[in-house]
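Notes for the one structure printed next.
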Amino acid sequence: MTSLFDNYRLGDLTLPNRVVMAPMTRVRAATGGLATPAMATYYAQRATAGLIVSEGVQPNAVGQSNPGTPGLYTDEHVDSWRPVTAAVHANGGRIFAQIMHGGRVSHPDTTGLQPVGPSAVAAVGDVFAPTGRIPAPVPRALDTAEIPAHVESYADAARRAVDAGFDGVELHGANGYLISQFLSSNANLRTDRYGGSLRNRIRFAVEAVSATVAAVGGSRTGIRLSPGGGFWGVEETDTPALYAALLDELAGLDLAYIHLEATTDDETLLDLRRAWPGPLVMNPVHPSGPKPAGPADAERWLGLGADLISFGRAFLANPDLVERLRNALPITPADENTYFQGGDRGYLTYPAYRYPA
């Protein structure tokens, strides 16, 4: 049987285990969206993961969702990320950058710009801003002629990511952000070639992935998806058919992987596993679920055909999570109050497991 601790060939990389550190926003970037020495330490501490996927990184200014998140659209951003990737590699790790365009999930108080989206429909709920959580504003609907520039923003950020030393990139197509908004049937009310039918609603995602593959290669490109997830009020009509159509379009691009969240029923997820010919990363527990994913979740999904298993919250307080999983050691719970507060507490202060004397 496949073990979580077997190695795995992913594109040009040989992973020493099948444990993936999932992308998690930590809002510790410096002014201007620059990566910091603390971020280098944070990721290097977790470099025993088979693969690290970074927090979401905005590909342009209007794509920033939360305050304190890093960017990858200037030379200064690239320079700031190089020590981070170097630290991960020095500790024997591998790291992909998650490219995240927030779309309508943003606020002018954060970016100085009106958020954009497929249509002028506000996200449901309060967004993060410098003064705290405030209601999501109505975004400006993108003109058809503007869309190619946002497609290319993913490819441009991917080029910069590789220049900064990342081993590849993951497009954030999940959780109600821009790609997910285009997939949606209530955030996307367009009547042009990017809206309406399933084929049109997947077009933005396919173009963004295709442009990224053209920029850095399929073996360096993945995408994360949350079928039926409902984040930020996003709804999808006919989720199984929508994602089957999307994976069918992506199948010919020879991607590094598809990263699925368990945000829909097992039947749909297993159908997508059977339909997808390439590597599958499975995130087995819904992020708002009662507990982080653990060994039983991993074993279950490996048995159901996943190739790699991503862990999110479990990695926050357990930088040595791979060792803890391998040796059935206790998993320390994370302090939710420190998820987004900034500073080193709850970021760099979680120790590796201390064996009894």
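All residue names refer to the structure tokens as shown: chains lettered A, B, ... in order, residues numbered from 1 in each chain, ligands numbered from 1 in order.
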
**Request:** Mind checking which residues fall within 9 Å of A:Thr85, counting only C-alpha atoms, ignoring those fewer than 6 positions away in the same chain, and posting them as an MDAnalysis selection string?
**Result:** chainID A and resid 40 43:44 93:95 164:167

Per residue of stretch 12-58 of chain A within 6 Å of stretch 327-343 of chain A, record the nearest atom pair and its distance in Å to one decimal, counting only C-alpha atoms, with rows in chain order and ascending residue number, as CSV.
```
residue,atom,partner,partner_atom,distance
A:Arg26,CA,A:Phe340,CA,5.2
A:Val27,CA,A:Phe340,CA,5.6
A:Arg28,CA,A:Gly342,CA,5.3
```

**Message:** When you count only C-alpha atoms, which of these residues is closest to A:Phe182: A:Ala215, A:Gly168, A:Trp232, A:Gly117?
**Reply:**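 That would be A:Gly117, the residue with the smallest distance to A:Phe182.
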
**DSSP helix (DSSP H, G or I) residues within stretch 228-339 of chain A, as a ChimeraX atom specification** = /A:231-233,239-253,266-275,295-303,313-316,321-326,336-338

Nearby residues (only C-alpha atoms) at most 8 Å from stretch 273-285 of chain A, same-chain spacing under 6 positions excluded, as a compact mmCIF listing (two decimals) with N, CA, C and O atoms, in the first residue's frame:
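Done, and the output landed in around-v1.txt:
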```txt
# COMPACT_ATOMS: atom_id res chain seq x y z
N LEU A 10 7.41 14.36 -8.74
CA LEU A 10 6.47 15.41 -9.12
C LEU A 10 7.16 16.32 -10.13
O LEU A 10 8.01 17.14 -9.76
N VAL A 20 2.31 17.47 1.97
CA VAL A 20 2.37 18.82 1.41
C VAL A 20 1.91 19.81 2.47
O VAL A 20 0.89 19.59 3.13
N ALA A 22 0.04 22.94 3.03
CA ALA A 22 -0.95 23.70 2.28
C ALA A 22 -0.71 25.20 2.41
O ALA A 22 -0.13 25.66 3.41
N ALA A 244 -15.63 18.76 -13.99
CA ALA A 244 -15.25 17.76 -14.98
C ALA A 244 -14.84 18.43 -16.28
O ALA A 244 -13.84 18.05 -16.92
N LEU A 247 -11.34 20.12 -15.68
CA LEU A 247 -10.23 19.17 -15.68
C LEU A 247 -9.99 18.59 -17.07
O LEU A 247 -8.84 18.32 -17.44
N ASP A 248 -11.06 18.43 -17.84
CA ASP A 248 -10.89 17.94 -19.21
C ASP A 248 -10.06 18.92 -20.04
O ASP A 248 -9.20 18.51 -20.83
N ALA A 251 -6.34 18.81 -18.82
CA ALA A 251 -5.65 17.52 -18.89
C ALA A 251 -4.52 17.50 -19.91
O ALA A 251 -3.53 16.77 -19.73
N ASP A 254 -0.30 18.90 -19.11
CA ASP A 254 0.77 18.19 -18.40
C ASP A 254 1.19 18.95 -17.14
O ASP A 254 2.38 19.22 -16.91
N LEU A 255 0.20 19.27 -16.30
CA LEU A 255 0.45 20.04 -15.09
C LEU A 255 1.17 19.22 -14.04
O LEU A 255 1.11 17.99 -14.02
N ALA A 256 1.83 19.92 -13.12
CA ALA A 256 2.47 19.25 -11.99
C ALA A 256 1.42 18.54 -11.14
O ALA A 256 1.63 17.41 -10.70
N TYR A 257 0.27 19.20 -10.91
CA TYR A 257 -0.78 18.59 -10.09
C TYR A 257 -2.05 19.43 -10.12
O TYR A 257 -2.04 20.60 -10.50
N ILE A 258 -3.13 18.81 -9.70
CA ILE A 258 -4.36 19.47 -9.27
C ILE A 258 -4.45 19.29 -7.76
O ILE A 258 -4.19 18.20 -7.23
N HIS A 259 -4.82 20.35 -7.06
CA HIS A 259 -4.91 20.35 -5.59
C HIS A 259 -6.38 20.55 -5.24
O HIS A 259 -6.92 21.64 -5.43
N LEU A 260 -7.04 19.51 -4.76
CA LEU A 260 -8.46 19.57 -4.44
C LEU A 260 -8.69 19.70 -2.94
O LEU A 260 -8.05 19.00 -2.15
N GLU A 261 -9.62 20.56 -2.56
CA GLU A 261 -10.10 20.61 -1.19
C GLU A 261 -11.35 19.75 -1.08
O GLU A 261 -12.15 19.68 -2.02
N ALA A 262 -11.55 19.12 0.05
CA ALA A 262 -12.71 18.27 0.27
C ALA A 262 -13.92 19.12 0.63
O ALA A 262 -14.47 19.05 1.74
N THR A 263 -14.36 19.92 -0.33
CA THR A 263 -15.45 20.86 -0.11
C THR A 263 -16.75 20.40 -0.75
O THR A 263 -17.71 21.17 -0.79
N PRO A 292 -7.92 19.78 12.53
CA PRO A 292 -7.02 19.67 11.38
C PRO A 292 -6.99 18.25 10.85
O PRO A 292 -7.32 17.28 11.55
N ALA A 293 -6.56 18.09 9.59
CA ALA A 293 -6.38 16.77 9.02
C ALA A 293 -5.31 16.02 9.79
O ALA A 293 -4.35 16.60 10.29
N ASP A 297 -7.07 10.66 8.01
CA ASP A 297 -7.55 11.33 6.80
C ASP A 297 -6.60 11.09 5.64
O ASP A 297 -7.02 10.84 4.51
N ALA A 298 -5.30 11.17 5.94
CA ALA A 298 -4.30 10.96 4.90
C ALA A 298 -4.36 9.54 4.35
O ALA A 298 -4.37 9.34 3.12
N TRP A 301 -7.42 8.96 2.03
CA TRP A 301 -7.38 9.53 0.69
C TRP A 301 -6.26 8.93 -0.15
O TRP A 301 -6.41 8.81 -1.38
N GLY A 305 -6.90 7.03 -3.92
CA GLY A 305 -6.26 7.39 -5.17
C GLY A 305 -5.52 8.71 -5.20
O GLY A 305 -4.96 9.08 -6.24
N ALA A 306 -5.51 9.46 -4.09
CA ALA A 306 -4.70 10.68 -4.06
C ALA A 306 -3.22 10.30 -4.06
O ALA A 306 -2.82 9.25 -3.55
N ASP A 307 -2.40 11.16 -4.64
CA ASP A 307 -0.95 10.92 -4.69
C ASP A 307 -0.22 11.62 -3.55
O ASP A 307 0.79 11.12 -3.04
N LEU A 308 -0.71 12.78 -3.15
CA LEU A 308 -0.10 13.59 -2.11
C LEU A 308 -1.22 14.12 -1.22
O LEU A 308 -2.35 14.33 -1.69
N ILE A 309 -0.90 14.38 0.04
CA ILE A 309 -1.89 14.87 1.00
C ILE A 309 -1.39 16.19 1.58
O ILE A 309 -0.27 16.27 2.08
N SER A 310 -2.24 17.22 1.51
CA SER A 310 -1.84 18.51 2.08
C SER A 310 -2.45 18.70 3.46
O SER A 310 -3.60 18.32 3.72
N PHE A 311 -1.65 19.29 4.33
CA PHE A 311 -2.06 19.60 5.70
C PHE A 311 -1.91 21.11 5.89
O PHE A 311 -0.87 21.68 5.56
```

**Request:** Quick one: everything within 10 Å of A:Val322, counting only C-alpha atoms, minus sequence neighbours fewer than 3 positions away in the same chain. Send it as a list in words.
**Result:**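 Listing them by chain and then by number gives Leu4, Phe5, Asn17, Arg18, Val19, Val20, Met21, Arg46, Ala47, Thr48, Ala49, Gly50, Phe315, Asn318, Pro319, Leu325, Arg326, Asn327, Ala328 and Leu329 of chain A.
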
Given the selection you just returned, output its residues as a file containing N, CA, C and O atoms, formatted as a short mmCIF file (atom, residue, chain, number, x, y, z; two decimals), in the first residue's frame.
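part-v9.cif written:
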```
data_model
loop_
_atom_site.label_atom_id
_atom_site.label_comp_id
_atom_site.auth_asym_id
_atom_site.auth_seq_id
_atom_site.Cartn_x
_atom_site.Cartn_y
_atom_site.Cartn_z
N LEU A 4 2.30 7.48 3.30
CA LEU A 4 2.51 8.92 3.32
C LEU A 4 4.00 9.26 3.28
O LEU A 4 4.37 10.38 2.91
N PHE A 5 4.84 8.30 3.61
CA PHE A 5 6.27 8.57 3.72
C PHE A 5 7.07 7.97 2.58
O PHE A 5 8.30 7.98 2.60
N ASN A 17 8.71 12.61 0.66
CA ASN A 17 7.49 12.07 1.27
C ASN A 17 6.30 12.71 0.56
O ASN A 17 6.46 13.58 -0.31
N ARG A 18 5.10 12.27 0.90
CA ARG A 18 3.89 12.73 0.21
C ARG A 18 3.10 13.74 1.04
O ARG A 18 1.91 13.94 0.82
N VAL A 19 3.78 14.37 1.98
CA VAL A 19 3.18 15.39 2.83
C VAL A 19 3.40 16.75 2.20
O VAL A 19 4.53 17.15 1.93
N VAL A 20 2.31 17.47 1.97
CA VAL A 20 2.37 18.82 1.41
C VAL A 20 1.91 19.81 2.47
O VAL A 20 0.89 19.59 3.13
N MET A 21 2.68 20.87 2.64
CA MET A 21 2.22 21.97 3.48
C MET A 21 1.31 22.86 2.65
O MET A 21 1.73 23.44 1.65
N ARG A 46 9.79 24.33 8.26
CA ARG A 46 8.83 23.32 7.80
C ARG A 46 9.30 22.61 6.53
O ARG A 46 8.50 21.97 5.83
N ALA A 47 10.61 22.68 6.26
CA ALA A 47 11.16 22.19 5.00
C ALA A 47 11.22 20.68 4.90
O ALA A 47 11.56 20.15 3.84
N THR A 48 10.88 19.95 5.97
CA THR A 48 10.83 18.49 5.85
C THR A 48 9.57 18.03 5.11
O THR A 48 9.46 16.85 4.76
N ALA A 49 8.62 18.92 4.87
CA ALA A 49 7.48 18.57 4.02
C ALA A 49 7.98 18.14 2.65
O ALA A 49 8.98 18.67 2.15
N GLY A 50 7.28 17.21 2.04
CA GLY A 50 7.64 16.84 0.68
C GLY A 50 7.60 18.04 -0.25
O GLY A 50 8.46 18.21 -1.12
N PHE A 315 0.22 22.17 10.33
CA PHE A 315 1.58 22.65 10.12
C PHE A 315 1.87 23.93 10.90
O PHE A 315 3.04 24.28 11.10
N ASN A 318 3.19 22.84 14.35
CA ASN A 318 4.04 21.64 14.31
C ASN A 318 5.00 21.75 13.13
O ASN A 318 4.78 21.13 12.07
N PRO A 319 6.05 22.53 13.26
CA PRO A 319 6.99 22.67 12.15
C PRO A 319 7.62 21.34 11.73
O PRO A 319 8.02 21.17 10.59
N LEU A 325 3.95 12.83 12.34
CA LEU A 325 3.10 11.87 11.66
C LEU A 325 3.78 10.51 11.54
O LEU A 325 3.17 9.46 11.76
N ARG A 326 5.05 10.52 11.19
CA ARG A 326 5.79 9.28 10.99
C ARG A 326 5.88 8.45 12.28
O ARG A 326 5.81 7.22 12.25
N ASN A 327 6.02 9.14 13.42
CA ASN A 327 6.25 8.46 14.69
C ASN A 327 5.05 8.50 15.62
O ASN A 327 5.18 8.19 16.81
N ALA A 328 3.88 8.88 15.08
CA ALA A 328 2.65 8.93 15.87
C ALA A 328 2.81 9.76 17.14
O ALA A 328 2.34 9.40 18.21
N LEU A 329 3.48 10.92 16.99
CA LEU A 329 3.67 11.82 18.11
C LEU A 329 2.48 12.78 18.23
O LEU A 329 1.74 12.98 17.27
#
```

**Message:** Need to verify the contact set: A:Arg104, 6 Å, only C-alpha atoms, exclusion of same-chain residues closer than 2 positions in sequence. Can you return it as a PyMOL selection string?
**Reply:** chain A and resi 106+115-117+139

**Message:** So that I can check the secondary structure, give me every residue of stretch 96-243 of chain A assigned strand (DSSP E or B) by backbone DSSP, as a VMD selection string.
**Reply:** chain A and resid 96 to 99 116 to 117 126 to 129 132 to 135 140 to 141 168 to 172 221 to 225

**Prompt:** Taking into account only C-alpha atoms, which residue in the set A:Tyr42, A:Ala29, A:Ala145, A:Ser119 is nearest to A:Pro351?
**Reply:** A:Tyr42

**Message:** Just checking: using only C-alpha atoms, which residue out of A:Asp192, A:Glu235, A:Asp75, A:Asp109 ends up closest to A:Gly33?
**Reply:**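 Going through A:Asp192, A:Glu235, A:Asp75, A:Asp109 one by one, the smallest distance to A:Gly33 is for A:Asp75.
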
Within 9 Å of stretch 96-102 of chain A using only C-alpha atoms, minus same-chain residues under 4 positions, as a short mmCIF file (atom, residue, chain, number, x, y, z; two decimals) with C-alpha atoms, in the first residue's frame:
```cif
data_model
loop_
_atom_site.label_atom_id
_atom_site.label_comp_id
_atom_site.auth_asym_id
_atom_site.auth_seq_id
_atom_site.Cartn_x
_atom_site.Cartn_y
_atom_site.Cartn_z
CA PRO A 23 -1.00 27.44 1.53
CA LEU A 51 6.45 20.12 -0.80
CA ILE A 52 5.61 23.52 0.68
CA VAL A 53 3.02 25.71 -1.01
CA SER A 54 3.45 29.31 0.11
CA GLU A 55 0.78 31.64 1.37
CA GLY A 56 -1.18 33.41 -1.36
CA VAL A 57 0.93 35.94 -3.24
CA GLN A 58 -0.78 38.71 -5.20
CA PRO A 59 0.19 39.00 -8.90
CA ASN A 60 -0.71 42.70 -9.16
CA VAL A 62 -5.51 45.25 -7.38
CA GLY A 63 -5.26 41.50 -6.74
CA GLN A 64 -4.27 41.96 -3.09
CA SER A 65 -7.00 40.60 -0.84
CA ASN A 66 -5.73 41.13 2.72
CA GLY A 71 3.43 40.24 -3.78
CA LEU A 72 5.29 39.00 -6.83
CA SER A 106 -10.61 43.06 -1.30
CA PRO A 115 -11.68 45.68 -6.40
CA VAL A 116 -12.48 44.02 -9.70
CA GLY A 117 -14.44 40.90 -10.50
CA HIS A 150 -5.38 39.68 -15.53
CA SER A 153 -0.74 38.56 -14.35
CA TYR A 154 -0.60 34.92 -13.24
CA ALA A 157 4.03 36.36 -11.35
CA ALA A 158 5.05 32.79 -12.19
CA ALA A 161 8.51 33.27 -8.80
CA VAL A 162 10.94 31.09 -10.73
CA PHE A 166 10.60 28.94 -6.26
CA ASP A 167 10.41 25.42 -7.68
CA GLY A 168 7.04 26.15 -9.24
CA VAL A 169 3.69 27.86 -8.72
CA GLU A 170 0.15 26.96 -7.73
CA LEU A 171 -2.69 29.10 -9.09
CA HIS A 172 -5.30 29.80 -6.42
CA GLY A 173 -8.49 28.72 -8.14
CA GLY A 176 -14.02 32.38 -3.70
CA TYR A 177 -11.10 34.36 -5.14
CA LEU A 178 -10.87 35.59 -8.75
CA ILE A 179 -10.62 32.28 -10.63
CA ARG A 220 6.11 23.86 -12.57
CA THR A 221 2.38 24.64 -12.57
CA GLY A 222 -0.43 23.42 -10.33
CA ILE A 223 -3.88 24.74 -9.46
CA ARG A 224 -5.94 24.52 -6.25
#
```

**Asked** When distances are computed from only C-alpha atoms, which of A:Thr2, A:Thr191, A:Thr264, A:Thr110 shows the smallest separation from A:Phe128?
**Response** A:Thr110
